[in-house]
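Asks: I'd like to ask you about the structure that follows.
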Amino acid sequence: MNLVKINNLDKSYGQLKAVSDFCLSADQGELLAVAGPDGAGKTTIFRTVCGLLEYNNGTINLAGFDIDKEFDKIKPLLGYMPQNFSLYPDLSVEENLYFYAGLFGMKKNEYEQKKERLYQFSGLGPFAKRRAGKLSGGMKQKLALSCNLIHDPKILILDEPTTGVDPVSRRQFWDILKKLKQDGSTIIVSTPYMDEVALADRAIFVHNGQKLIEGKPDELLSHFNSAIYKIKAVPSSEVMTRLNQIEGVISRRFGSSIHLYTDPQQKIEVHYNRLSQLGISSESIAPIKPELEDLFIQLMEKSDA
Amino acid sequence: MYKIKFIALKELRHIMRDPRSLVIAILMPILMTLLYGYAINLDIKNIKLAVIDFDKTSASSDLIGRFYNSEYFSKATDQVYIDDPEMILKKGQANAVLIIGPGLGEAIQKLKNIQNPANLMIDKYELGLTVDGADANMAAAAGSYSSIIVTQVIKDNLPPGFELPGIRISRQVFYNPDLKSSHFFVPGLIAVILMMISALLTSVTIAREKETGTMEQLLTTPITPRQIIIAKMLPYIGLAILDGIIVLGFGVFHFGVPFIGSTLLLFVFGVIYVITALAIGILISTMVKTQLLAMMGAMIVTVLPAVMLSGFIFEIKNMPMILQIITHIVPARYFILIIRGIMLKGSSIELLWVEGLFLILLTIVLLAVATRRFKLGVD
């Protein structure tokens with residue numbers, strides 16, 4: 001059963017089209033990742049789905065309720081964690097939790113039980129009396145998530161919850177999401193990190209407010225249709241510019257090395273001459289397996305072309 | 001109700017944990033009361049008076065003494081251009097110059113020896129008073145105070161049994177017999193301070209939730225805008241009432257402003273007025289995105305009209321027609337009438353219900369608009 005169903009969503013800010021013809025559906029117990037660079041429209045989609053933005057066209061249906069007509073019925077079933085930390089920094093961890101419990105009409109003893117469970121998986125128990133503003137980035141996000149879990153929402157919408165969080169905390173955060181999913185929650189999470197996409201059940205790539213591709217992470221890579229090589233060379237901006245001038249070659253900086261995408265029908269040897277002019281020897285070029293990020297880059301190039 | 005309590009309690013925590021806004025909420029009213037109570041003083045006293053005495057008799061020195069011993073006039077210093085009244089005024093050495101021409105002693109003597117009331121006005125003697133008209137109020141006051149003193153001199157020098165002829169006004173001042181301007185200002189000041197503090201604090205608290213993104217989080221929970229607005233208001237109603245009591249206390253015990261009417265009636269109207277002010281604050285917060293803008297907006301929208309267009313200082317009847325019409329949407333206008341009525345005249349509800357009704361109407365309209373705009377304003 002589709003717990004979240006978005007059909008043909010259009011949203012513009014004046015002349016600027018932020019989201020166009022966007023569709024998304026998520027089943028119960030599904031962990032769906034929405035990936036894309038900054039400005040892709042992820043936040044706009046999420047805020048619209050949570051009833052915080054008006055939209056121009058399309059339908060949004062959460063847990064069987066239309067967002068325009070029955071938003072009040074959706075609210076108790078929904079947990080939304082905005083991109084920016086949005087708790088009260090002058091209230092303690094426990095006060096923040098208690099406040100959200102109150103908003104959902106929870107009674108004291110019910111809250112106490114729930115709180116202990118949330119402390120268990122978040123590890124926030126020892127910091128219960130600490131002001132939320134004084135928590136580390138990772139703990140802040142865990143608290144924000146906890147506040148959104150206090151009412152056992154059926155649908156969780158998390159906008160880049162791990163951005164700016166250290167790798168260990170990121171890992172912990174995703175472990176929590178997996179547990180929640182096993183408990184039956186439907187989770188839609190946006191992320192700019194491709195390694196996190198691989199942890200989801202399904203992923204949607206978004207670029208310029210449009211869906212590029214959708215599918216299970218391990219199946220997505222079958223859509224990659226270039227040959228891919230890794231070049232061990234310093235990706236200075238001069239080298240990058242000149243690489244991209246070569247016909248039939250797309251290159252991208254990848255950490256401290258370069259990824260080269262070429263036509264699979266063509267052998268890499270035809271480019272050796274040009275590459276050596278840039279000081280790149282054939283020994284420093286090796287074929288590799290594509291990653292999700294490579295796929296994303298390829299799809300973005302195609303959609304921009 | 002349960003949820004409203006939660007938000008209200010949370011709001012109270014915010015207030016208690018933010019010493020700066022608490023200082024603004026408590027200290028500012030006290031400062032303003034003292035400032036206005038002392039600085040806005042329309043009582044005209046100590047008019048600097050220079051005297052040019054050509055008479056130089058005991059009568060003239062008696063007259064001069066009476067001027068200087070009254071609380072209205074004080075001695076001008078450094079009388080360099082002693083013979084030129086205009087120069088004295090020009091140099092700012094005095095606000096008024098009294099010129100006693102020769103013959104005052106004689107005139108007084110004739111008064112004393114008068115036998116027949118019919119002869120009373122035969123001998124005319126004129127005193128000169130040159131006044132600096134740049135300050136019109138002071139100039140007028142100098143003239144009337146002088147004639148009071150001179151009339152007294154004449155009365156005192158008439159033989160026993162004689163009376164000054166003519167028609168006189170017997171003046172009685174009710175409600176503020178000493179004509180002290182603090183009696184007039186302090187009640188108005190309460191209106192201004194309540195308006196400012198209430199609107200300022202609420203608009204800032206809501207703007208802060210927008211700035212930090214917590215408002216977005218709130219709106220995805222099962223809370224209606226109306227519940228948020230009510231919950232946000234409750235703690236500030238309390239705070240505003242506390243402010244009101246502080247200012248009232250200063251007014252009554254420090255400035256000696258009388259409080260004749262019903263405390264309960266004032267309290268009821270006070271709460272209505274505070275809600276009006278809070279509604280204005282909420283309305284402002286729906287139009288701005290940052291705390292800074294909210295603060296500036298609240299100051300401009302509340303303080304300016306409450307001071308200028310409410311009758312606090314300037315009489316509404318003397319304003320141009322267009323401004324008079326605008327004053328009808330200034331809540332302070334109604335509350336100032338109410339609070340002055342209750343404190344100074346002991347007015348009862350029968351005399352004040354029209355103003356009260358206008359206040360309630362304004363409040364309902366403001367709250368309705370604020371609630372409507374509240375949700376739309378989140379974008």
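In the structure tokens, the first chain shown is A, the next is B, and so on; residue numbers restart at 1 for each chain, and ligands run from 1 in the order shown.
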Quick one: which residues from chain A are at most 8 Å off chain B, using only C-alpha atoms, as a PyMOL selection string?

Replies: chain A and resi 50-53+72+75-76+78-82+84-88+90-91+99+102-105

Asks: Please give the complete set of residues from segment 30-128 of chain A that DSSP, run on the backbone, assigns to strand (DSSP E or B), formatted as a list in words.

Replies: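 Strand (DSSP E or B) assignments inside segment 30-128 of chain A correspond to Leu31, Leu32, Ala33, Val34, Ala35, Asn57, Gly58, Thr59, Ile60, Asn61, Leu62, Phe65, Asp66, Leu78, Gly79, Tyr80, Met81 and Ser92 of chain A.
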
Asks: Within segment 138-291 of chain A, find each residue whose DSSP state, derived from the backbone, is helix (DSSP H, G or I), and express the selection as a PyMOL selection string.

Replies: chain A and resi 138-149+167-182+194-197+217-223+237-244+268-277+282-284

Asks: Please measure the separation of atom CA of Ser182 of chain B and atom CA of Gly256 of chain B, giving the value in Å to one decimal.

Replies: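 A separation of 8.5 Å between them.
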
Asks: Please list as a PyMOL selection string every residue within 9 Å of Glu126 of chain B, counting only C-alpha atoms and excluding residues in the same chain fewer than 3 positions away.

Replies: chain B and resi 100-101+104

Asks: Find the residue from B:Pro19, B:Gly65, B:Gly37, B:Gly128 that sits nearest to Ile52 of chain B; use only C-alpha atoms when measuring.

Replies: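 Nearest candidate to Ile52 of chain B out of B:Pro19, B:Gly65, B:Gly37, B:Gly128: B:Gly128.
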
Asks: Pick from A:Ile67, A:Leu145, A:Leu260, A:Ile155: nearest to Lys232 of chain A, with only C-alpha atoms counted?

Replies: A:Leu260

Asks: Pick out the residues sitting within 8 Å of Leu309 of chain B, and hand them over as a list in words; count only C-alpha atoms, and ignore anything fewer than 5 positions along from it in its own chain.

Replies: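 Contacts, in chain order: Leu304, Phe314, Ile316, Leu323, Gln324, Ile326, Thr327, Val330 and Arg333 of chain B.
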
Asks: Contacts of Asp195 of chain A at 10 Å or less, counting only C-alpha atoms, minus same-chain residues fewer than 5 places along, as a ChimeraX atom specification?

Replies: /A:200,291-293

Asks: Need the shell around segment 144-152 of chain B: protein/DNA/RNA residues with any atom at most 12 Å away, counting only C-alpha atoms. Skip same-chain ones fewer than 4 positions apart. Format as a VMD selection string?

Replies: chain B and resid 44 to 47 49 59 to 60 62 to 73 96 to 98 104 108 125 to 131 137 to 140 156 to 158 163 to 165 168

Asks: Could those selected residues go to a file with N, CA and C atoms, as a CSV table (one decimal), in the first residue's frame?

Replies:
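Below is the file that was written, selection-v9.csv:
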```
chain,number,residue,atom,x,y,z
B,44,ILE,N,4.2,75.4,34.3
B,44,ILE,CA,5.1,76.5,34.1
B,44,ILE,C,5.5,77.1,35.4
B,45,LYS,N,6.7,77.0,35.8
B,45,LYS,CA,7.2,77.5,37.0
B,45,LYS,C,8.5,78.2,36.8
B,46,ASN,N,8.9,79.0,37.7
B,46,ASN,CA,10.3,79.6,37.6
B,46,ASN,C,10.5,80.3,36.3
B,47,ILE,N,9.6,81.1,36.0
B,47,ILE,CA,9.8,82.0,34.8
B,47,ILE,C,10.9,83.0,35.2
B,49,LEU,N,12.6,86.2,35.7
B,49,LEU,CA,12.1,87.6,35.6
B,49,LEU,C,13.2,88.6,36.0
B,59,ALA,N,7.0,100.5,48.2
B,59,ALA,CA,6.0,99.8,47.5
B,59,ALA,C,6.5,99.0,46.4
B,60,SER,N,7.5,99.5,45.6
B,60,SER,CA,8.1,98.8,44.5
B,60,SER,C,8.9,97.6,45.0
B,62,ASP,N,8.2,95.9,47.7
B,62,ASP,CA,7.2,95.0,48.1
B,62,ASP,C,6.7,94.2,46.9
B,63,LEU,N,6.4,94.9,45.8
B,63,LEU,CA,5.9,94.2,44.6
B,63,LEU,C,6.9,93.2,44.1
B,64,ILE,N,8.2,93.7,44.0
B,64,ILE,CA,9.2,92.8,43.5
B,64,ILE,C,9.3,91.5,44.4
B,65,GLY,N,9.3,91.7,45.7
B,65,GLY,CA,9.3,90.6,46.6
B,65,GLY,C,8.2,89.6,46.3
B,66,ARG,N,7.0,90.1,46.1
B,66,ARG,CA,5.9,89.2,45.9
B,66,ARG,C,6.1,88.4,44.6
B,67,PHE,N,6.6,89.0,43.6
B,67,PHE,CA,6.9,88.3,42.3
B,67,PHE,C,7.9,87.1,42.6
B,68,TYR,N,9.0,87.5,43.3
B,68,TYR,CA,10.1,86.5,43.5
B,68,TYR,C,9.7,85.5,44.5
B,69,ASN,N,8.8,85.8,45.4
B,69,ASN,CA,8.4,84.8,46.4
B,69,ASN,C,7.4,83.8,45.9
B,70,SER,N,6.7,84.2,44.8
B,70,SER,CA,5.8,83.3,44.2
B,70,SER,C,6.6,82.1,43.6
B,71,GLU,N,5.9,81.0,43.4
B,71,GLU,CA,6.7,79.9,42.8
B,71,GLU,C,6.7,80.0,41.3
B,72,TYR,N,6.0,81.0,40.7
B,72,TYR,CA,6.0,81.2,39.3
B,72,TYR,C,7.2,81.8,38.7
B,73,PHE,N,7.7,82.8,39.5
B,73,PHE,CA,8.9,83.6,39.0
B,73,PHE,C,10.1,83.3,39.8
B,96,ALA,N,11.0,87.3,31.0
B,96,ALA,CA,10.1,88.4,31.1
B,96,ALA,C,10.8,89.5,31.9
B,97,VAL,N,10.4,90.7,31.5
B,97,VAL,CA,11.0,91.9,32.2
B,97,VAL,C,9.8,92.7,32.8
B,98,LEU,N,9.9,93.0,34.1
B,98,LEU,CA,8.9,93.8,34.7
B,98,LEU,C,9.5,95.2,34.8
B,104,LEU,N,4.7,104.4,41.5
B,104,LEU,CA,4.0,103.2,42.1
B,104,LEU,C,3.7,103.5,43.6
B,108,ILE,N,0.1,103.5,45.3
B,108,ILE,CA,-0.3,102.7,46.5
B,108,ILE,C,-0.8,103.5,47.6
B,125,TYR,N,-2.3,103.9,37.1
B,125,TYR,CA,-0.8,103.7,37.1
B,125,TYR,C,-0.6,102.4,36.3
B,126,GLU,N,0.4,102.4,35.4
B,126,GLU,CA,0.6,101.2,34.6
B,126,GLU,C,2.0,100.6,34.9
B,127,LEU,N,2.0,99.3,35.1
B,127,LEU,CA,3.3,98.5,35.2
B,127,LEU,C,3.5,98.0,33.8
B,128,GLY,N,4.8,97.9,33.4
B,128,GLY,CA,5.2,97.3,32.1
B,128,GLY,C,5.6,95.9,32.3
B,129,LEU,N,5.2,95.0,31.4
B,129,LEU,CA,5.7,93.6,31.4
B,129,LEU,C,6.0,93.3,30.0
B,130,THR,N,7.3,93.0,29.7
B,130,THR,CA,7.8,92.6,28.4
B,130,THR,C,8.1,91.1,28.5
B,131,VAL,N,7.5,90.4,27.6
B,131,VAL,CA,7.6,88.9,27.7
B,131,VAL,C,8.2,88.4,26.4
B,137,ASN,N,3.4,79.3,25.5
B,137,ASN,CA,2.7,78.9,26.7
B,137,ASN,C,3.2,79.7,27.9
B,138,MET,N,4.6,79.9,27.9
B,138,MET,CA,5.2,80.6,29.0
B,138,MET,C,4.8,82.0,29.0
B,139,ALA,N,4.8,82.6,27.9
B,139,ALA,CA,4.4,84.0,27.8
B,139,ALA,C,3.0,84.3,28.3
B,140,ALA,N,2.1,83.4,27.9
B,140,ALA,CA,0.7,83.5,28.4
B,140,ALA,C,0.7,83.4,29.9
B,156,ASP,N,-4.7,94.0,49.0
B,156,ASP,CA,-4.0,94.1,50.3
B,156,ASP,C,-3.9,95.5,50.7
B,157,ASN,N,-3.8,96.5,49.8
B,157,ASN,CA,-3.6,97.9,50.1
B,157,ASN,C,-4.8,98.7,50.3
B,158,LEU,N,-6.0,98.1,49.9
B,158,LEU,CA,-7.2,98.9,50.1
B,158,LEU,C,-7.5,98.9,51.6
B,163,GLU,N,-13.8,96.7,48.6
B,163,GLU,CA,-13.7,95.6,47.7
B,163,GLU,C,-13.4,96.1,46.3
B,164,LEU,N,-12.7,95.4,45.5
B,164,LEU,CA,-12.5,95.7,44.1
B,164,LEU,C,-13.9,95.5,43.3
B,165,PRO,N,-14.3,96.5,42.5
B,165,PRO,CA,-15.5,96.4,41.8
B,165,PRO,C,-15.3,95.5,40.6
B,168,ARG,N,-15.9,89.0,38.4
B,168,ARG,CA,-14.7,88.2,38.5
B,168,ARG,C,-15.1,86.7,38.3
```

Asks: Determine, counting only C-alpha atoms, which protein, DNA and RNA residues have an atom within 12 Å of an atom of Thr241 of chain A; residues of the same chain fewer than 5 positions away are not included. Present the result as a ChimeraX atom specification.

Replies: /A:235-236,246,249-253,278
